[in-house]
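Novice: Here it is: the structure, laid out below.
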Amino acid sequence: MSISEKPAAPVGRAPGGRSSWPVLQEPQGLIVYMCLLLVAALFLFGVAFALTVFSLKDLVTFTALVAGAAISVEGSRRLGTPTPAGFNRDLLGAWWFPVVLLLPPVYSLLIPIPVYLMVQQRTRRTLVHRRVFNATSVGLSGFLVSVVWHGVWGDDLVGGLGGVVESGEPLTTGPGVLVAVLCCAGFTVLNTLLVALAARISSGPGNSLRPMWDREALIVDAVELCVGVTVAILAQLSLFLLVIAVPPVLLLQRSLLYQQLQMAARTDPKTGLLNAPTWEQEASIEIARARSSRGRAAVLIVDIDHFKRVNDSHGHLFGDQVLLGVATTIAQQLRQSDLLGRFGGEEFVVLLPGSDTTEAWRAAERLRTQVGGMEIAVDGVPVRITISIGVAVIGDHGNDLVELLTAADLALYRAKETGRNRVCLPAGRPGAGGTIPGPREAELTDRGGPAEPTDPREVS
């Protein structure tokens with residue numbers, strides 16, 4: 001597992017003339033956390049390096065495993081590398097785990113360096129500090145688990161810092177394989193916790209995160225664990241057997257990337273929410289179901305107020321943080337049955353199955369209040385974010401998705417024209433235009449059109 005790695009952006013200048021390095025735009029707590037992990041990794045490397053007796057056999061094994069990882073990286077490059085927001089998983093553990101089990105712990109701190117350098121060069125360039133954090137997280141997790149593994153078969157855990165000669169021999173026994181599986185599972189848990197803590201610090205206390213493990217993630221972790229232990233056993237028997245391990249690993253890696261590409265095609269890369277086409281498809285199904293059962297449903301269009309000013313004043317990296325913060329705050333307030341997506345730009349759409357006008361208005365007000373209370377700061381200066389929301393309810397403002405989105409869009413227009421940071425209902429049932437309204441590309445006040453009359457049902 002690794003934390004989401006955003007594409008690298010050119011280093012610019014802050015409004016005050018100060019260099020605005022991407023790492024300095026991260027929350028202060030995250031910067032401190034990453035520095036502490038890096039210092040800990042460097043300290044442990046120094047201690048383990050002093051205690052390790054290096055051998056030619058270990059160096060050859062390390063080189064062979066790095067070569068296997070390089071082949072996996074090259075194989076994934078040809079499919080492309082989707083980068084959804086949040087947690088990303090891969091099958092590089094097939095090469096981390098053999099290093100943990102077969103070599104002294106110091107090698108566990110070393111292997112992420114060449115592997116992630118290849119990832120950076122061969123897949124695509126991303127923010128360097130996040131790449132460094134992911135390498136540090138993998139290195140620390142592998143080092144601590146390797147110390148435990150060597151300590152189990154050696155005299156004590158302290159002695160395990162320098163490694164145990166022929167530490168791979170237990171892999172040819174049943175108890176040894178069981179201990180190896182437990183150690184590799186511990187590696188996965190520890191690495192996930194380190195990454196999840198970083199994501200939690202980055203998102204802030206007011207935002208929720210997607211779960212660390214769901215069904216698909218558990219399957220991927222289980223496959224990675226089994227493959228990693230199998231590769232370690234083959235490497236222990238003979239390094240030449242790694243040749244037959246590479247094709248299955250590549251096949252599994254391609255299968256995982258194919259699933260991620262499918263997910264990337266359905267989701268928005270900056271927020272992890274459903275993208276507009278996917279949301280429209282699933283929302284249409286829900287609305288048709290509600291009509292057939294004579295049920296209720298509501299559609300909300302949420303727009304971030306003055307978002308263009310945020311980008312112009314604080315930069316697009318901060319704007320991306322605002323988008324993610326608003327998305328996670330909204331998701332935290334919704335039910336599991338609700339459907340949330342990014343409509344484009346600074347707009348989000350929500351489908352509330354089973355909600356009438358009163359329930360939809362209350363839900364919209366709750367979203368507006370929670371987003372208004374978000375804690376987002378630039379250089380220690382808090383920036384207040386507000387949203388405007390247009391609400392439309394099936395039966396009252398339309399009978400299909402096109403009509404509901406048109407009505408909600410008109411209500412949102414009125415909310416922006418009458419002061420922003422408010423919830424509005426449409427003045428009446430609009431005529432269906434036959435097409436779904438697209439997201440706004442700029443603030444509504446720039447349109448230059450007259451405001452619609454105030455409706456008595458409007459809530460501000």
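Chain lettering (A, B, ...) mirrors the order of the structure tokens, residue numbering begins at 1 for each chain separately, and ligand numbering begins at 1 in order of display.
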Can you tell me, as an MDAnalysis selection string, what residues are no more than 8 Å from Val302 of chain A when counting only C-alpha atoms, ignoring any on the same chain fewer than 4 positions away?
Specialist: chainID A and resid 347:350 387:390 412
Novice: Can you tell me, as a list of chain:residue names, what residues are no more than 8 Å from Val145 of chain A when counting only C-alpha atoms, ignoring any on the same chain fewer than 3 positions away?
Specialist: A:Val100, A:Ser141, A:Gly142, A:Val148, A:Trp149, A:Cys183, A:Cys184, A:Gly186, A:Phe187
Novice: If I take atom CA of Leu193 of chain A and atom CA of His129 of chain A, how far is one from the other in Å, to one decimal?
Specialist: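 Between these atoms lies a distance of 18.5 Å.
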Novice: For atom CA of Ala411 of chain A and atom CA of Gln321 of chain A, determine how far apart the two atoms are, in Å to one decimal place.
Specialist: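 These atoms are spaced 26.9 Å apart.
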Novice: If you run DSSP over the backbone, which residues in segment 211-335 of chain A end up strand (DSSP E or B)? Put them as a list in words.
Specialist: Thr267, Leu274, Ala297, Ala298, Val299, Leu300, Ile301, Val302, Asp303 and Ile304 of chain A
Novice: So how far away is atom CA of Leu404 of chain A from atom CA of Glu359 of chain A, in Å?
Specialist: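 Separation between atom CA of Glu359 of chain A and atom CA of Leu404 of chain A: 16.1 Å.
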Novice: Write out as a VMD selection string each polymer residue whose atoms come within 6 Å of segment 215-225 of chain A, counting only C-alpha atoms; drop sequence neighbours fewer than 2 positions from it.
Specialist: chain A and resid 91 93 to 94 213 227 to 228
Novice: Residues at most 7 Å from segment 272-274 of chain A, counting only C-alpha atoms, excluding those fewer than 3 positions away in the same chain, as a PyMOL selection string?
Specialist: chain A and resi 84-85+266-269+278-279+340-342
Novice: Looking at A:Val60, A:Leu38, A:Ile71, A:Leu241, which one is nearest to Leu109 of chain A, with distances taken over only C-alpha atoms?
Specialist: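 Nearest candidate to Leu109 of chain A out of A:Val60, A:Leu38, A:Ile71, A:Leu241: A:Leu38.
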Novice: Which one is closest to Leu171 of chain A: A:Ser337, A:Thr136, A:Thr230, A:Thr418? Count only C-alpha atoms.
Specialist: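 The closest residue to Leu171 of chain A is A:Thr230.
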Novice: I'd like to know which residues of segment 23-118 of chain A are alpha helix (DSSP H) (by DSSP, run on the backbone); could you write them as a PyMOL selection string?
Specialist: chain A and resi 28-51+56-77+93-102+106-110+112-118
Novice: Just want the 8 Å neighbourhood of Val99 of chain A, counted on only C-alpha atoms, with same-chain residues fewer than 6 positions away dropped. Output as a list in words.
Specialist: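 Those residues are Phe62, Leu65, Tyr107, Ser108, Ile111 and Ala232 of chain A.
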Novice: Extract, using only C-alpha atoms, all DNA, RNA and protein residues at most 12 Å from Glu286 of chain A, discarding same-chain residues fewer than 3 positions from it, and format them as number ranges by chain.
Specialist: A: 279-283, 289-299, 337-339, 350-354, 394, 400-401
